[in-house]
file final-v9.pdb (PDB, C-alpha atoms and all ligand atoms)
ATOM      1  CA  MET A 901      60.021 -21.327 -81.599
ATOM      2  CA  THR A 902      61.195 -24.633 -80.301
ATOM      3  CA  PHE A 903      64.777 -25.592 -79.784
ATOM      4  CA  THR A 904      66.161 -28.899 -80.835
ATOM      5  CA  GLU A 905      69.084 -30.548 -79.167
ATOM      6  CA  ASP A 906      71.304 -29.300 -82.010
ATOM      7  CA  ASP A 907      70.300 -25.689 -81.426
ATOM      8  CA  MET A 908      71.358 -25.984 -77.831
ATOM      9  CA  GLY A 909      74.707 -27.459 -78.737
ATOM     10  CA  VAL A 910      76.314 -30.733 -77.870
ATOM     11  CA  GLY A 911      76.098 -31.441 -74.203
ATOM     12  CA  ALA A 912      73.007 -29.426 -73.409
ATOM     13  CA  LEU A 913      70.967 -32.543 -72.798
ATOM     14  CA  GLY A 914      73.685 -34.682 -71.365
ATOM     15  CA  ASP A 915      75.443 -35.845 -74.516
ATOM     16  CA  PRO A 916      73.335 -38.912 -75.250
ATOM     17  CA  GLY A 917      75.443 -39.698 -78.282
ATOM     18  CA  ILE A 918      78.852 -39.427 -76.693
ATOM     19  CA  GLU A 919      78.853 -41.041 -73.279
ATOM     20  CA  PRO A 920      77.911 -44.703 -73.438
ATOM     21  CA  VAL A 921      74.777 -45.553 -71.487
ATOM     22  CA  ILE A 922      76.599 -48.479 -69.870
ATOM     23  CA  ALA A 923      80.355 -48.676 -69.445
ATOM     24  CA  MET A 924      81.893 -51.575 -67.507
ATOM     25  CA  ARG A 925      85.659 -51.924 -67.453
ATOM     26  CA  GLY A 926      87.587 -54.760 -65.921
ATOM     27  CA  VAL A 927      84.720 -55.581 -63.588
ATOM     28  CA  ARG A 928      85.390 -58.379 -61.135
ATOM     29  CA  ALA A 929      82.979 -59.753 -58.585
ATOM     30  CA  ASP A 930      83.208 -62.561 -56.061
ATOM     31  CA  LEU A 931      80.261 -64.396 -54.589
ATOM     32  CA  GLY A 932      80.704 -66.761 -51.695
ATOM     33  CA  SER A 933      84.516 -66.270 -51.947
ATOM     34  CA  ARG A 934      84.409 -67.543 -55.541
ATOM     35  CA  PRO A 935      85.349 -65.290 -58.464
ATOM     36  CA  VAL A 936      82.208 -65.035 -60.600
ATOM     37  CA  LEU A 937      83.154 -62.107 -62.834
ATOM     38  CA  ARG A 938      86.810 -62.118 -63.813
ATOM     39  CA  GLY A 939      87.293 -58.821 -65.608
ATOM     40  CA  ILE A 940      84.248 -57.940 -67.703
ATOM     41  CA  ASP A 941      84.315 -55.149 -70.296
ATOM     42  CA  LEU A 942      80.915 -54.143 -71.591
ATOM     43  CA  THR A 943      79.903 -50.945 -73.331
ATOM     44  CA  VAL A 944      76.401 -50.157 -74.522
ATOM     45  CA  ALA A 945      75.887 -47.023 -76.590
ATOM     46  CA  HIS A 946      72.804 -44.844 -76.664
ATOM     47  CA  GLY A 947      69.988 -46.581 -78.558
ATOM     48  CA  GLU A 948      71.834 -49.883 -78.866
ATOM     49  CA  VAL A 949      70.227 -53.261 -78.219
ATOM     50  CA  VAL A 950      72.759 -55.679 -76.759
ATOM     51  CA  ALA A 951      72.140 -59.316 -75.896
ATOM     52  CA  LEU A 952      74.149 -60.898 -73.101
ATOM     53  CA  LEU A 953      74.515 -64.600 -73.821
ATOM     54  CA  GLY A 954      76.267 -67.548 -72.232
ATOM     55  CA  ALA A 955      75.740 -70.869 -70.533
ATOM     56  CA  ASN A 956      74.069 -71.293 -67.147
ATOM     57  CA  GLY A 957      76.340 -69.997 -64.427
ATOM     58  CA  SER A 958      78.574 -68.001 -66.786
ATOM     59  CA  GLY A 959      77.849 -64.798 -64.856
ATOM     60  CA  LYS A 960      75.161 -63.033 -66.913
ATOM     61  CA  SER A 961      72.824 -62.227 -64.029
ATOM     62  CA  THR A 962      75.747 -61.294 -61.817
ATOM     63  CA  ALA A 963      77.059 -58.882 -64.455
ATOM     64  CA  ILE A 964      73.656 -57.212 -64.644
ATOM     65  CA  ARG A 965      73.313 -57.117 -60.879
ATOM     66  CA  THR A 966      76.662 -55.347 -60.510
ATOM     67  CA  LEU A 967      75.290 -52.708 -62.896
ATOM     68  CA  ILE A 968      72.322 -51.928 -60.727
ATOM     69  CA  GLY A 969      74.326 -52.197 -57.516
ATOM     70  CA  GLN A 970      72.921 -55.455 -56.176
ATOM     71  CA  VAL A 971      76.288 -57.205 -56.248
ATOM     72  CA  PRO A 972      79.448 -55.447 -55.045
ATOM     73  CA  VAL A 973      82.409 -55.318 -57.400
ATOM     74  CA  SER A 974      85.884 -56.150 -56.177
ATOM     75  CA  ALA A 975      87.666 -54.378 -59.031
ATOM     76  CA  GLY A 976      86.948 -52.385 -62.171
ATOM     77  CA  GLU A 977      84.776 -49.451 -63.107
ATOM     78  CA  ILE A 978      81.108 -49.070 -63.900
ATOM     79  CA  ALA A 979      79.433 -45.959 -65.244
ATOM     80  CA  LEU A 980      75.795 -45.354 -66.134
ATOM     81  CA  PHE A 981      74.951 -42.439 -68.427
ATOM     82  CA  GLY A 982      78.495 -41.204 -67.946
ATOM     83  CA  THR A 983      78.254 -41.127 -64.153
ATOM     84  CA  GLU A 984      80.205 -43.435 -61.904
ATOM     85  CA  ARG A 985      77.684 -45.967 -60.686
ATOM     86  CA  ARG A 986      78.250 -45.247 -57.018
ATOM     87  CA  ARG A 987      77.312 -41.623 -57.651
ATOM     88  CA  PHE A 988      74.474 -42.413 -60.013
ATOM     89  CA  ARG A 989      71.112 -41.440 -58.519
ATOM     90  CA  ASP A 990      68.903 -41.115 -61.573
ATOM     91  CA  TRP A 991      67.328 -44.560 -61.297
ATOM     92  CA  ALA A 992      64.122 -43.380 -62.944
ATOM     93  CA  ARG A 993      66.087 -43.558 -66.197
ATOM     94  CA  VAL A 994      66.661 -47.283 -65.704
ATOM     95  CA  GLY A 995      64.079 -50.037 -65.969
ATOM     96  CA  TYR A 996      65.052 -53.455 -64.628
ATOM     97  CA  VAL A 997      63.299 -56.771 -65.083
ATOM     98  CA  PRO A 998      64.948 -59.389 -62.831
ATOM     99  CA  GLN A 999      65.317 -63.025 -63.769
ATOM    100  CA  ARG A1000      62.185 -64.831 -62.751
ATOM    101  CA  THR A1001      62.516 -67.231 -59.878
ATOM    102  CA  THR A1002      59.987 -69.776 -58.762
ATOM    103  CA  ALA A1003      59.983 -68.309 -55.257
ATOM    104  CA  ALA A1004      56.651 -66.582 -54.793
ATOM    105  CA  GLY A1005      55.499 -65.245 -51.492
ATOM    106  CA  GLY A1006      54.542 -62.087 -49.738
ATOM    107  CA  VAL A1007      51.188 -60.413 -49.888
ATOM    108  CA  PRO A1008      49.422 -60.995 -53.185
ATOM    109  CA  ALA A1009      49.310 -57.723 -55.047
ATOM    110  CA  THR A1010      47.166 -56.829 -58.009
ATOM    111  CA  VAL A1011      48.599 -56.457 -61.476
ATOM    112  CA  THR A1012      48.010 -52.697 -61.307
ATOM    113  CA  GLU A1013      49.816 -52.418 -57.963
ATOM    114  CA  ILE A1014      52.880 -54.202 -59.276
ATOM    115  CA  VAL A1015      53.038 -52.086 -62.409
ATOM    116  CA  SER A1016      52.394 -48.887 -60.432
ATOM    117  CA  SER A1017      55.370 -49.662 -58.200
ATOM    118  CA  GLY A1018      57.521 -49.229 -61.293
ATOM    119  CA  ARG A1019      56.220 -45.714 -61.667
ATOM    120  CA  LEU A1020      57.032 -44.600 -58.124
ATOM    121  CA  SER A1021      60.510 -43.450 -59.093
ATOM    122  CA  ARG A1022      58.865 -40.881 -61.364
ATOM    123  CA  ALA A1023      56.067 -39.903 -59.014
ATOM    124  CA  ARG A1024      56.549 -36.817 -56.881
ATOM    125  CA  PHE A1025      56.456 -37.614 -53.155
ATOM    126  CA  GLY A1026      55.436 -41.135 -54.021
ATOM    127  CA  VAL A1027      51.966 -40.024 -55.064
ATOM    128  CA  LEU A1028      50.759 -41.207 -58.432
ATOM    129  CA  ARG A1029      49.055 -38.564 -60.525
ATOM    130  CA  LYS A1030      46.928 -38.723 -63.630
ATOM    131  CA  ALA A1031      49.943 -38.977 -65.955
ATOM    132  CA  ASP A1032      51.367 -41.788 -63.826
ATOM    133  CA  HIS A1033      48.149 -43.790 -63.927
ATOM    134  CA  ALA A1034      48.047 -43.257 -67.686
ATOM    135  CA  ALA A1035      51.619 -44.569 -68.000
ATOM    136  CA  VAL A1036      50.675 -47.646 -65.976
ATOM    137  CA  ARG A1037      47.670 -48.289 -68.215
ATOM    138  CA  ARG A1038      49.783 -47.781 -71.324
ATOM    139  CA  ALA A1039      52.420 -50.236 -70.088
ATOM    140  CA  LEU A1040      49.730 -52.849 -69.382
ATOM    141  CA  GLU A1041      48.279 -52.355 -72.840
ATOM    142  CA  LEU A1042      51.725 -52.709 -74.397
ATOM    143  CA  VAL A1043      52.201 -56.156 -72.912
ATOM    144  CA  GLY A1044      48.592 -57.176 -73.542
ATOM    145  CA  MET A1045      47.583 -57.395 -69.878
ATOM    146  CA  ALA A1046      45.161 -54.462 -69.593
ATOM    147  CA  ASP A1047      42.210 -56.821 -69.118
ATOM    148  CA  ARG A1048      43.906 -58.381 -66.069
ATOM    149  CA  ALA A1049      44.651 -55.061 -64.347
ATOM    150  CA  LYS A1050      42.569 -55.815 -61.248
ATOM    151  CA  ASP A1051      43.590 -59.458 -60.869
ATOM    152  CA  SER A1052      45.867 -60.721 -58.145
ATOM    153  CA  VAL A1053      49.287 -61.633 -59.515
ATOM    154  CA  ASN A1054      48.850 -65.015 -57.858
ATOM    155  CA  ALA A1055      46.140 -65.771 -60.384
ATOM    156  CA  LEU A1056      48.535 -65.373 -63.300
ATOM    157  CA  SER A1057      50.531 -67.923 -65.196
ATOM    158  CA  GLY A1058      54.305 -67.675 -65.252
ATOM    159  CA  GLY A1059      54.362 -66.043 -68.663
ATOM    160  CA  GLN A1060      51.672 -63.550 -67.707
ATOM    161  CA  HIS A1061      53.597 -62.723 -64.552
ATOM    162  CA  GLN A1062      56.634 -62.065 -66.662
ATOM    163  CA  ARG A1063      54.627 -59.677 -68.836
ATOM    164  CA  VAL A1064      53.565 -57.796 -65.704
ATOM    165  CA  LEU A1065      57.198 -57.441 -64.602
ATOM    166  CA  ILE A1066      58.041 -56.055 -68.017
ATOM    167  CA  ALA A1067      55.101 -53.642 -67.808
ATOM    168  CA  ARG A1068      56.410 -52.518 -64.425
ATOM    169  CA  ALA A1069      59.762 -51.630 -65.982
ATOM    170  CA  LEU A1070      58.086 -49.905 -68.944
ATOM    171  CA  ALA A1071      55.775 -47.839 -66.725
ATOM    172  CA  ALA A1072      58.718 -45.689 -65.692
ATOM    173  CA  GLU A1073      59.387 -44.935 -69.372
ATOM    174  CA  PRO A1074      63.074 -45.714 -68.879
ATOM    175  CA  GLU A1075      65.850 -44.639 -71.217
ATOM    176  CA  LEU A1076      67.723 -47.834 -70.399
ATOM    177  CA  LEU A1077      65.922 -51.142 -70.112
ATOM    178  CA  ILE A1078      67.788 -54.036 -68.512
ATOM    179  CA  MET A1079      66.067 -57.408 -68.676
ATOM    180  CA  ASP A1080      67.321 -60.744 -67.379
ATOM    181  CA  GLU A1081      65.862 -63.534 -69.513
ATOM    182  CA  PRO A1082      62.538 -61.865 -70.242
ATOM    183  CA  MET A1083      61.593 -64.735 -72.543
ATOM    184  CA  ALA A1084      62.179 -67.564 -70.078
ATOM    185  CA  GLY A1085      59.069 -69.660 -69.608
ATOM    186  CA  VAL A1086      57.104 -67.489 -72.015
ATOM    187  CA  ASP A1087      55.233 -69.188 -74.848
ATOM    188  CA  LEU A1088      55.774 -68.227 -78.464
ATOM    189  CA  ALA A1089      52.634 -66.050 -78.657
ATOM    190  CA  SER A1090      53.716 -64.064 -75.593
ATOM    191  CA  GLN A1091      57.243 -63.865 -76.937
ATOM    192  CA  GLU A1092      55.850 -62.195 -80.038
ATOM    193  CA  VAL A1093      53.949 -59.708 -77.872
ATOM    194  CA  LEU A1094      57.128 -58.949 -75.955
ATOM    195  CA  ALA A1095      59.161 -58.660 -79.149
ATOM    196  CA  GLN A1096      56.642 -56.156 -80.514
ATOM    197  CA  THR A1097      56.731 -54.229 -77.227
ATOM    198  CA  LEU A1098      60.485 -54.103 -77.346
ATOM    199  CA  ARG A1099      60.455 -53.048 -80.989
ATOM    200  CA  GLU A1100      58.335 -50.026 -80.047
ATOM    201  CA  GLN A1101      60.654 -49.140 -77.164
ATOM    202  CA  VAL A1102      63.699 -49.407 -79.402
ATOM    203  CA  ALA A1103      62.024 -47.308 -82.105
ATOM    204  CA  ALA A1104      61.432 -44.659 -79.446
ATOM    205  CA  GLY A1105      65.162 -44.619 -78.702
ATOM    206  CA  THR A1106      65.355 -46.809 -75.593
ATOM    207  CA  THR A1107      68.707 -48.472 -74.959
ATOM    208  CA  VAL A1108      68.372 -52.164 -74.113
ATOM    209  CA  LEU A1109      70.610 -54.737 -72.452
ATOM    210  CA  LEU A1110      69.018 -58.131 -72.154
ATOM    211  CA  VAL A1111      70.101 -61.562 -71.069
ATOM    212  CA  LEU A1112      68.910 -64.275 -73.410
ATOM    213  CA  HIS A1113      69.449 -67.950 -73.916
ATOM    214  CA  GLU A1114      68.598 -67.779 -77.561
ATOM    215  CA  LEU A1115      67.806 -64.769 -79.676
ATOM    216  CA  GLY A1116      64.508 -66.181 -80.930
ATOM    217  CA  PRO A1117      61.934 -63.583 -82.057
ATOM    218  CA  LEU A1118      64.192 -60.811 -80.790
ATOM    219  CA  GLU A1119      66.959 -61.627 -83.230
ATOM    220  CA  PRO A1120      66.119 -58.833 -85.715
ATOM    221  CA  LEU A1121      66.324 -56.269 -82.911
ATOM    222  CA  ILE A1122      69.739 -57.242 -81.592
ATOM    223  CA  ASP A1123      72.612 -54.982 -82.651
ATOM    224  CA  ARG A1124      75.346 -56.811 -80.810
ATOM    225  CA  ALA A1125      75.891 -59.872 -78.697
ATOM    226  CA  VAL A1126      78.243 -60.240 -75.766
ATOM    227  CA  VAL A1127      78.886 -63.830 -74.795
ATOM    228  CA  LEU A1128      80.188 -64.731 -71.354
ATOM    229  CA  ARG A1129      81.968 -67.892 -70.424
ATOM    230  CA  ASP A1130      83.074 -68.579 -66.910
ATOM    231  CA  GLY A1131      83.000 -64.914 -65.902
ATOM    232  CA  CYS A1132      84.906 -63.632 -68.938
ATOM    233  CA  VAL A1133      83.808 -62.061 -72.218
ATOM    234  CA  LEU A1134      84.260 -64.663 -74.932
ATOM    235  CA  HIS A1135      82.724 -62.735 -77.835
ATOM    236  CA  ASP A1136      81.631 -59.148 -78.406
ATOM    237  CA  GLY A1137      80.260 -58.378 -81.829
ATOM    238  CA  PRO A1138      77.577 -59.453 -84.241
ATOM    239  CA  PRO A1139      75.176 -62.017 -82.781
ATOM    240  CA  PRO A1140      76.820 -65.418 -83.324
ATOM    241  CA  ARG A1141      75.006 -67.402 -85.995
ATOM    242  CA  ALA A1142      74.896 -70.559 -83.952
ATOM    243  CA  VAL A1143      72.681 -68.897 -81.380
ATOM    244  CA  GLY A1144      70.259 -67.465 -83.927
ATOM    245  CA  GLN A1145      67.234 -69.124 -85.462
ATOM    246  CA  HIS A1146      69.153 -72.331 -85.967
ATOM    247  CA  ALA A1147      69.615 -72.845 -82.282
ATOM    248  CA  LEU A1148      65.933 -72.480 -81.512
ATOM    249  CA  PRO A1149      64.243 -75.532 -80.111
ATOM    250  CA  GLY A1150      62.077 -77.039 -82.800
ATOM    251  CA  HIS A1151      64.221 -75.834 -85.650
ATOM    252  CA  ASP A1152      64.192 -78.908 -87.814
ATOM    253  CA  HIS A1153      67.120 -78.242 -90.137
ATOM    254  CA  VAL A1154      65.294 -79.497 -93.211
ATOM    255  CA  HIS A1155      66.579 -76.790 -95.528
ATOM    256  CA  PRO A1156      70.146 -76.897 -96.804
ATOM    257  CA  HIS A1157      72.446 -74.352 -95.230
ATOM    258  CA  GLU A1158      73.917 -71.808 -97.598
ATOM    259  CA  HIS A1159      77.085 -71.812 -95.594
ATOM    260  CA  THR A1160      78.340 -74.423 -93.250
ATOM    261  CA  PRO A1161      77.163 -73.125 -89.884
ATOM    262  CA  VAL A1162      80.001 -72.107 -87.639
ATOM    263  CA  ARG A1163      79.980 -74.260 -84.549
ATOM    264  CA  THR A1164      80.904 -71.665 -81.989
ATOM    265  CA  GLY A1165      79.886 -73.777 -79.015
ATOM    266  CA  LEU A1166      79.192 -70.439 -77.366
ATOM    267  CA  LEU A1167      76.236 -71.667 -75.437
ATOM    268  CA  SER A1168      77.540 -74.971 -74.262
TER
HETATM  269  N1  LIG A1201      74.534 -65.393 -54.138
HETATM  270  C1  LIG A1201      75.466 -66.212 -54.632
HETATM  271  N2  LIG A1201      76.373 -66.795 -53.830
HETATM  272  C2  LIG A1201      77.331 -67.606 -54.319
HETATM  273  N3  LIG A1201      77.462 -67.889 -55.624
HETATM  274  C3  LIG A1201      76.584 -67.331 -56.471
HETATM  275  C4  LIG A1201      75.540 -66.472 -56.032
HETATM  276  N4  LIG A1201      74.830 -66.056 -57.099
HETATM  277  C5  LIG A1201      75.390 -66.666 -58.164
HETATM  278  N5  LIG A1201      76.442 -67.422 -57.792
HETATM  279  C6  LIG A1201      77.311 -68.205 -58.671
HETATM  280  O1  LIG A1201      77.865 -67.339 -59.634
HETATM  281  C7  LIG A1201      77.933 -67.981 -60.903
HETATM  282  C8  LIG A1201      77.246 -67.114 -61.933
HETATM  283  O2  LIG A1201      75.875 -67.035 -61.632
HETATM  284  P1  LIG A1201      74.863 -66.174 -62.487
HETATM  285  O3  LIG A1201      73.544 -66.243 -61.827
HETATM  286  O4  LIG A1201      75.444 -64.836 -62.720
HETATM  287  O5  LIG A1201      74.868 -66.994 -63.860
HETATM  288  P2  LIG A1201      73.941 -66.825 -65.147
HETATM  289  O6  LIG A1201      74.870 -66.707 -66.300
HETATM  290  O7  LIG A1201      72.969 -65.741 -64.945
HETATM  291  O8  LIG A1201      73.228 -68.244 -65.204
HETATM  292  P3  LIG A1201      71.723 -68.660 -65.656
HETATM  293  O9  LIG A1201      71.790 -68.802 -67.138
HETATM  294  O10 LIG A1201      71.516 -69.961 -64.997
HETATM  295  O11 LIG A1201      70.780 -67.602 -65.178
HETATM  296  C9  LIG A1201      77.303 -69.352 -60.717
HETATM  297  O12 LIG A1201      78.336 -70.280 -60.593
HETATM  298  C10 LIG A1201      76.539 -69.232 -59.431
HETATM  299  O13 LIG A1201      76.534 -70.457 -58.757
HETATM  300 MG    MG A1202      70.927 -65.686 -64.784
END
call {"tool": "encode", "arguments": {"input": "final-v9.pdb", "output": "structure tokens"}}
result
Amino acid sequence: MTFTEDDMGVGALGDPGIEPVIAMRGVRADLGSRPVLRGIDLTVAHGEVVALLGANGSGKSTAIRTLIGQVPVSAGEIALFGTERRRFRDWARVGYVPQRTTAAGGVPATVTEIVSSGRLSRARFGVLRKADHAAVRRALELVGMADRAKDSVNALSGGQHQRVLIARALAAEPELLIMDEPMAGVDLASQEVLAQTLREQVAAGTTVLLVLHELGPLEPLIDRAVVLRDGCVLHDGPPPRAVGQHALPGHDHVHPHEHTPVRTGLLS
């Protein structure tokens, strides 16, 4: 006989439905003696897909980096999976794809090495076993990079590199996936691959917080949008229409709008 979560009673598996996966309250952060986050509230429930939107410099990356402990907070509270972030140790449950920078450097690693590094948090004593190698292969297949497994990452295009970073986060099979502009510099075909990858993760119950500039192909997946402006939350609710399909570059506005689009100006 197998037991389901229900049989074991609420709480037996850590209450996935009750404690939010991410809870930020009144979070403030200063960088270079400047206030960058000025009291952010952000809650992400189990299985939710939340987009973090806002203009350049509004504090999206900083908000995400406070979550994973890369930026210190000067006030407020952060909890991950119901545990105060400072006490949170279960980082294998979290996958993080940082915002891509142009700065390369270091020793060129192969695609497989990069993706395997994402699995280390799950590997016992840092040694990858059969199941770990299988997870790495699966992640590479998911993002359509299995045929480049042995290549040096230096031989990849920007968009391919981005896919490898996403595969690295997926290799750990995280319950929470945090991605900072995963679509930046990625062509439409690759965006579709990533959207499909994300769809599968979401269907499997993964919670997702992602920074985006426009919703693009991910729009159908997004449950909620949180828009930042100047370090504050400007909007928290349904994805604003003005940042949906109609804000995509190349949208030619030839069809008549059923409703007058609301000019939220959220992204300017
Ligand atoms: N290390 C740092 N030192 C000082 N200021 C910083 C630092 N990192 C970011 N900032 C400032 O904090 C503000 C928010 O930056 P952040 O990177 O969070 O914005 P963002 O919303 O992610 O922007 P983008 O859309 O360009 O990625 C900006 O004004 C930026 O100049
Ligand atoms: Mg950013």
call {"tool": "residues_near_ligand", "arguments": {"input": "final-v9.pdb", "ligand": "ligand LIG 1201 (chain A)", "cutoff": "10 Å", "atoms": "all atoms listed in the file", "output": "VMD selection string"}}
result
chain A and resid 929 to 937 952 to 966 971 999 to 1001 1080 to 1081 1084 1111 to 1113 1127 to 1131 1167
call {"tool": "atom_distance", "arguments": {"input": "final-v9.pdb", "atom1": "CA of Ala1095 (chain A)", "atom2": "CA of Pro1074 (chain A)"}}
result
17.0 Å
call {"tool": "atom_distance", "arguments": {"input": "final-v9.pdb", "atom1": "CA of Leu1115 (chain A)", "atom2": "CA of Ala951 (chain A)"}}
result
7.9 Å
call {"tool": "resolve_selection", "arguments": {"input": "final-v9.pdb", "expression": "the PyMOL selection byres (((chain A and resi 1090-1094) around 12) and not hetatm)", "output": "PyMOL selection string"}}
result
chain A and resi 1039-1045+1057-1067+1070+1079+1081-1089+1095-1101+1115-1119+1121
call {"tool": "closest_residue", "arguments": {"input": "final-v9.pdb", "among": "A:Ala923, A:Leu1076, A:Leu1110, A:Val1036", "to": "ligand MG 1202 (chain A)", "atoms": "all atoms listed in the file"}}
result
A:Leu1110
call {"tool": "residues_around", "arguments": {"input": "final-v9.pdb", "residues": "Gly947 (chain A)", "least_positions_apart": "6", "cutoff": "8 Å", "atoms": "all atoms listed in the file", "output": "ChimeraX atom specification"}}
result
/A:1102,1105-1108
call {"tool": "closest_residue", "arguments": {"input": "final-v9.pdb", "among": "A:Val1126, A:Leu967, A:Ile940, A:Ala1072", "to": "Leu1028 (chain A)", "atoms": "only C-alpha atoms"}}
result
A:Ala1072
call {"tool": "closest_residue", "arguments": {"input": "final-v9.pdb", "among": "A:Val997, A:Leu980, A:Ala1103, A:Val1015", "to": "ligand MG 1202 (chain A)", "atoms": "all atoms listed in the file"}}
result
A:Val997
